[in-house]
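As stored in model.tsv (TSV, C-alpha atoms):
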```tsv
chain	number	residue	atom	x	y	z
U	1	MET	CA	110.23	0.82	-160.19
U	2	ALA	CA	113.51	1.69	-158.47
U	3	GLN	CA	115.13	-0.75	-156.08
U	4	ASP	CA	117.11	0.35	-153.05
U	5	ASN	CA	119.44	-2.64	-153.05
U	6	PRO	CA	119.77	-3.94	-156.56
U	7	ALA	CA	120.80	-7.55	-156.97
U	8	PRO	CA	124.54	-7.94	-157.62
U	9	GLU	CA	123.92	-9.36	-161.13
U	10	ALA	CA	122.04	-6.17	-162.13
U	11	ILE	CA	125.03	-3.96	-161.25
U	12	GLU	CA	127.66	-3.08	-163.77
U	13	PRO	CA	131.08	-4.68	-163.12
U	14	ASP	CA	132.56	-1.34	-162.05
U	15	GLY	CA	129.67	-0.74	-159.63
U	16	LEU	CA	129.93	-4.24	-158.17
U	17	GLU	CA	133.02	-3.34	-156.18
U	18	GLU	CA	131.33	-0.23	-154.85
U	19	PHE	CA	128.22	-2.24	-153.96
U	20	ILE	CA	130.23	-4.84	-152.02
U	21	GLU	CA	132.25	-2.14	-150.29
U	22	ALA	CA	129.08	-0.27	-149.31
U	23	GLU	CA	127.51	-3.48	-148.00
U	24	GLU	CA	130.64	-4.34	-146.03
U	25	LEU	CA	130.86	-0.79	-144.76
U	26	GLU	CA	127.25	-0.93	-143.59
U	27	ALA	CA	127.84	-4.32	-141.92
U	28	LEU	CA	130.94	-2.95	-140.19
U	29	ARG	CA	129.01	0.10	-138.98
U	30	ALA	CA	126.24	-2.12	-137.58
U	31	GLU	CA	128.83	-4.32	-135.86
U	32	ARG	CA	130.59	-1.22	-134.48
U	33	ASP	CA	127.29	0.13	-133.13
U	34	GLU	CA	126.47	-3.22	-131.53
U	35	LEU	CA	129.93	-3.47	-129.95
U	36	ARG	CA	129.72	0.12	-128.70
U	37	ASP	CA	126.34	-0.66	-127.13
U	38	ARG	CA	127.70	-3.83	-125.48
U	39	PHE	CA	130.77	-1.92	-124.27
U	40	MET	CA	128.64	0.85	-122.73
U	41	ARG	CA	126.43	-1.72	-120.99
U	42	ALA	CA	129.49	-3.56	-119.66
U	43	LEU	CA	130.93	-0.27	-118.46
U	44	ALA	CA	127.67	0.60	-116.67
U	45	ASP	CA	127.54	-2.90	-115.11
U	46	ALA	CA	131.13	-2.52	-113.88
U	47	GLU	CA	130.33	0.89	-112.37
U	48	ASN	CA	127.22	-0.51	-110.66
U	49	ALA	CA	129.24	-3.44	-109.30
U	50	ARG	CA	131.89	-1.03	-107.98
U	51	LYS	CA	129.24	1.11	-106.25
U	52	ARG	CA	127.54	-1.98	-104.80
U	53	ALA	CA	130.87	-3.32	-103.51
U	54	ASP	CA	131.70	0.07	-101.99
U	55	ARG	CA	128.29	0.23	-100.27
U	56	ASP	CA	128.68	-3.37	-99.01
U	57	ARG	CA	132.16	-2.56	-97.66
U	58	ARG	CA	130.87	0.52	-95.79
U	59	GLU	CA	127.97	-1.50	-94.32
U	60	ALA	CA	130.35	-4.28	-93.26
U	61	GLU	CA	132.55	-1.72	-91.51
U	62	GLN	CA	129.59	-0.12	-89.73
U	63	TYR	CA	127.41	-3.13	-88.98
U	64	GLY	CA	129.82	-6.07	-89.08
U	65	SER	CA	130.16	-6.00	-85.30
U	66	THR	CA	126.42	-6.45	-84.68
U	67	ARG	CA	126.73	-9.99	-83.30
U	68	LEU	CA	129.60	-9.09	-80.99
U	69	ALA	CA	127.76	-5.99	-79.75
U	70	ARG	CA	124.62	-8.04	-79.04
U	71	ASP	CA	126.72	-10.60	-77.17
U	72	LEU	CA	128.21	-7.85	-74.97
U	73	LEU	CA	124.84	-6.40	-73.93
U	74	PRO	CA	124.21	-9.02	-71.18
U	75	VAL	CA	127.64	-8.18	-69.72
U	76	TYR	CA	126.63	-4.51	-69.62
U	77	ASP	CA	123.26	-5.41	-68.06
U	78	ASN	CA	124.87	-7.59	-65.37
U	79	LEU	CA	127.40	-4.92	-64.40
U	80	ARG	CA	124.57	-2.36	-64.20
U	81	ARG	CA	122.47	-4.75	-62.06
U	82	ALA	CA	125.40	-5.39	-59.74
U	83	LEU	CA	125.81	-1.66	-59.14
U	84	ASP	CA	122.06	-1.14	-58.70
U	85	ALA	CA	121.87	-4.01	-56.17
U	86	ALA	CA	124.65	-2.62	-53.97
U	87	SER	CA	123.19	-0.95	-50.91
U	88	ASP	CA	124.85	1.98	-49.15
U	89	GLU	CA	126.17	-0.42	-46.50
U	90	THR	CA	127.66	-2.72	-49.17
U	91	ARG	CA	129.19	0.28	-50.93
U	92	ALA	CA	130.88	1.34	-47.67
U	93	GLN	CA	132.17	-2.16	-46.87
U	94	ALA	CA	133.35	-3.04	-50.39
U	95	ALA	CA	134.27	0.37	-51.79
U	96	ALA	CA	137.20	-0.96	-53.84
U	97	LEU	CA	135.08	-3.73	-55.37
U	98	ILE	CA	132.29	-1.30	-56.25
U	99	GLU	CA	134.83	1.10	-57.76
U	100	GLY	CA	136.25	-1.75	-59.86
U	101	VAL	CA	132.79	-2.68	-61.16
U	102	GLU	CA	132.08	0.99	-61.95
U	103	LEU	CA	135.39	1.33	-63.82
U	104	THR	CA	134.72	-1.87	-65.74
U	105	LEU	CA	131.24	-0.67	-66.72
U	106	ARG	CA	132.65	2.73	-67.74
U	107	GLU	CA	135.35	1.08	-69.88
U	108	LEU	CA	132.81	-1.24	-71.52
U	109	THR	CA	130.59	1.77	-72.25
U	110	ASN	CA	133.54	3.68	-73.76
U	111	VAL	CA	134.50	0.76	-76.01
U	112	MET	CA	130.92	0.28	-77.15
U	113	THR	CA	130.56	4.02	-77.87
U	114	LYS	CA	133.85	3.98	-79.80
U	115	HIS	CA	132.36	1.31	-82.07
U	116	GLY	CA	129.04	3.11	-82.61
U	117	VAL	CA	126.93	1.43	-79.92
U	118	THR	CA	124.90	4.05	-78.05
U	119	PRO	CA	122.41	3.49	-75.24
U	120	ILE	CA	118.71	4.26	-75.43
U	121	ALA	CA	117.93	5.34	-71.87
U	122	PRO	CA	114.31	6.43	-71.56
U	123	ALA	CA	113.20	8.07	-68.34
U	124	VAL	CA	110.03	7.54	-66.36
U	125	GLY	CA	107.44	9.91	-67.82
U	126	ASP	CA	108.82	9.81	-71.39
U	127	GLN	CA	106.43	8.96	-74.21
U	128	PHE	CA	106.51	5.33	-75.38
U	129	ASP	CA	108.09	5.00	-78.85
U	130	PRO	CA	107.52	1.57	-80.46
U	131	GLN	CA	110.54	2.18	-82.73
U	132	LEU	CA	112.88	2.31	-79.71
U	133	HIS	CA	111.00	0.70	-76.81
U	134	GLN	CA	109.48	-2.69	-76.09
U	135	ALA	CA	106.48	-2.63	-73.74
U	136	MET	CA	106.89	-5.42	-71.20
U	137	PHE	CA	103.66	-4.64	-69.36
U	138	GLU	CA	100.87	-2.10	-69.27
U	139	ALA	CA	99.23	-0.80	-66.08
U	140	PRO	CA	96.82	1.98	-65.18
U	141	VAL	CA	98.71	4.47	-63.02
U	142	PRO	CA	96.91	7.51	-61.59
U	143	GLY	CA	98.43	10.83	-62.61
U	144	THR	CA	99.85	9.53	-65.89
U	145	LYS	CA	98.75	9.66	-69.48
U	146	ALA	CA	98.30	6.65	-71.74
U	147	ASP	CA	101.55	5.45	-73.36
U	148	GLN	CA	103.77	7.13	-70.78
U	149	ILE	CA	106.73	5.12	-69.54
U	150	ILE	CA	106.23	4.18	-65.89
U	151	GLN	CA	109.21	1.84	-65.43
U	152	VAL	CA	112.47	1.08	-67.27
U	153	MET	CA	113.66	-2.52	-66.94
U	154	THR	CA	116.64	-2.49	-69.33
U	155	GLU	CA	118.24	0.11	-71.55
U	156	GLY	CA	118.12	-0.30	-75.28
U	157	PHE	CA	120.97	0.21	-77.73
U	158	LEU	CA	121.56	1.51	-81.24
U	159	LEU	CA	124.41	0.45	-83.50
U	160	HIS	CA	124.97	3.66	-85.46
U	161	ASP	CA	121.43	4.26	-86.73
U	162	ARG	CA	120.09	0.71	-86.42
U	163	LEU	CA	118.25	-0.67	-83.41
U	164	LEU	CA	120.38	-3.29	-81.70
U	165	ARG	CA	117.99	-3.89	-78.82
U	166	PRO	CA	114.89	-1.95	-77.77
U	167	ALA	CA	114.64	-0.54	-74.25
U	168	GLN	CA	112.33	-2.72	-72.16
U	169	VAL	CA	109.77	-0.57	-70.40
U	170	GLY	CA	106.48	-0.61	-68.53
U	171	VAL	CA	103.79	1.61	-70.03
U	172	SER	CA	100.81	3.35	-68.50
U	173	SER	CA	97.40	2.48	-69.82
U	174	THR	CA	94.56	4.92	-69.53
U	175	PRO	CA	93.85	5.15	-65.78
U	176	GLY	CA	90.35	3.91	-64.96
```
Just give me the structure as structure tokens.
Amino acid sequence: MAQDNPAPEAIEPDGLEEFIEAEELEALRAERDELRDRFMRALADAENARKRADRDRREAEQYGSTRLARDLLPVYDNLRRALDAASDETRAQAAALIEGVELTLRELTNVMTKHGVTPIAPAVGDQFDPQLHQAMFEAPVPGTKADQIIQVMTEGFLLHDRLLRPAQVGVSSTPG
């Protein structure tokens, strides 16, 4: 019966050196293969970490201003309400003040747009979209279809492709 790895005492003295060298060589090859495997895994981990850090950096650049943008929305709403509340008589009497409020609102809108904040401005008659709109009330209105917007209370906003605030709307229910 032939043995694959004969015991060292069964090997001739000349073959003993070759046996030890072959065993060491095999051990070195196994160690090399293990180290290569560990190196490749470490390299893949480093690449994954680099990609994750790059993605996190891009998201921080795009969405890092979310809190500030949300905090500015009431300022936008109040400027819009001030302009909507001004009657024709008030506009005539305080033309410079109204113009200042309009310029301020326009500048705020420009800054928000520059930073990726865009308004969601549905119109009366548009179809209700739960991804972009928040229904504040529902009422049966003759001449409308169910889920049609019948009133817009506040505009909504997107920050790039994420919803910052839904537009607040009134929705028609099926007229009875």
Please, what is the axis-aligned box for every listed atom of range 117-128 of chain U with 8 Å on each side, as centre and edge lengths in Å to one decimal, as JSON?
```
{"center_x": 116.7, "center_y": 5.7, "center_z": -73.1, "size_x": 36.5, "size_y": 24.5, "size_z": 29.6}
```
CA of Ile120 in chain U to CA of Ile149 in chain U, straight-line distance in Å: 13.4 Å
Write out as JSON, numbers by chain which residues come within 12 Å of Thr113 in chain U when counting all atoms listed in the file, dropping same-chain ones fewer than 4 positions away. {"U": [69, 106, 107, 108, 109, 117, 118, 119, 157, 158, 159, 160]}
Quick one: everything within 8 Å of Phe137 in chain U, counting only C-alpha atoms, minus sequence neighbours fewer than 5 positions away in the same chain. Send it as a list in words. Val169, Gly170 and Val171 of chain U
Gly125 in chain U surroundings by all atoms listed in the file, 9 Å radius, close-in-sequence under 3 positions cut, as a ChimeraX atom specification: /U:122,128,144-145,148-151
Could you check how far CA of Leu72 in chain U sits from CA of Val111 in chain U, in Å to one decimal?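 Rounded to one decimal, the two atoms are 10.7 Å apart.
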CA of Arg41 in chain U to CA of Asp54 in chain U, distance in Å rounded to a single decimal: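 About the pair CA of Arg41 in chain U and CA of Asp54 in chain U: they are 19.8 Å apart.
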Non-local contacts of Val101 in chain U (10 Å; all atoms listed in the file; under 5 positions in same chain excluded) as a list in words: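 Close residues of Val101 in chain U: Leu79, Arg80, Ala82, Leu83, Ala95, Ala96, Arg106 and Glu107 of chain U.
Distance check against Glu155 in chain U using all atoms listed in the file: of U:Ser173, U:Thr90, U:Asn78, U:Thr104, the minimum falls on U:Asn78.
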U:Pro130, U:Thr66, U:Gln93, U:Ala46 ranked by distance to Arg162 in chain U, top pick (using only C-alpha atoms):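 Counting only C-alpha atoms, the residue closest to Arg162 in chain U is U:Thr66.
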Between U:Leu35, U:Met112, U:Met40, U:Ala22, which residue has the minimum interatomic distance to Tyr76 in chain U, considering only C-alpha atoms? U:Met112
Nearest to Glu59 in chain U by atom-to-atom distance, counting all atoms listed in the file, from U:Ala44, U:Arg81, U:Asp126, U:Asp161: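 Of the candidates, the smallest distance to Glu59 in chain U is held by U:Asp161.
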Would you output range 60-91 of chain U from that structure, restricted to C-alpha atoms, as a compact mmCIF listing (two decimals), in the first residue's frame?
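As a result, result_35.txt now contains:
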```
# COMPACT_ATOMS: atom_id res chain seq x y z
CA ALA U 60 -24.55 65.61 2.04
CA GLU U 61 -23.96 68.18 -0.70
CA GLN U 62 -27.44 67.70 -2.15
CA TYR U 63 -29.52 67.16 0.97
CA GLY U 64 -27.44 68.72 3.75
CA SER U 65 -29.47 71.91 3.56
CA THR U 66 -32.80 70.17 4.24
CA ARG U 67 -33.27 71.67 7.71
CA LEU U 68 -32.43 75.18 6.56
CA ALA U 69 -34.76 74.87 3.57
CA ARG U 70 -37.60 73.65 5.80
CA ASP U 71 -36.98 76.56 8.17
CA LEU U 72 -37.23 79.04 5.27
CA LEU U 73 -40.59 77.74 4.01
CA PRO U 74 -42.67 79.69 6.60
CA VAL U 75 -40.86 82.88 5.50
CA TYR U 76 -41.87 82.13 1.90
CA ASP U 77 -45.45 81.38 2.98
CA ASN U 78 -45.73 84.62 4.98
CA LEU U 79 -44.41 86.76 2.12
CA ARG U 80 -46.86 85.05 -0.25
CA ARG U 81 -49.75 85.63 2.22
CA ALA U 82 -48.81 89.28 2.61
CA LEU U 83 -48.99 89.78 -1.16
CA ASP U 84 -52.25 87.83 -1.44
CA ALA U 85 -53.83 89.90 1.36
CA ALA U 86 -53.01 93.24 -0.26
CA SER U 87 -56.09 94.68 -1.91
CA ASP U 88 -55.95 96.91 -4.99
CA GLU U 89 -56.43 99.95 -2.75
CA THR U 90 -53.54 98.87 -0.48
CA ARG U 91 -51.37 98.22 -3.53
```
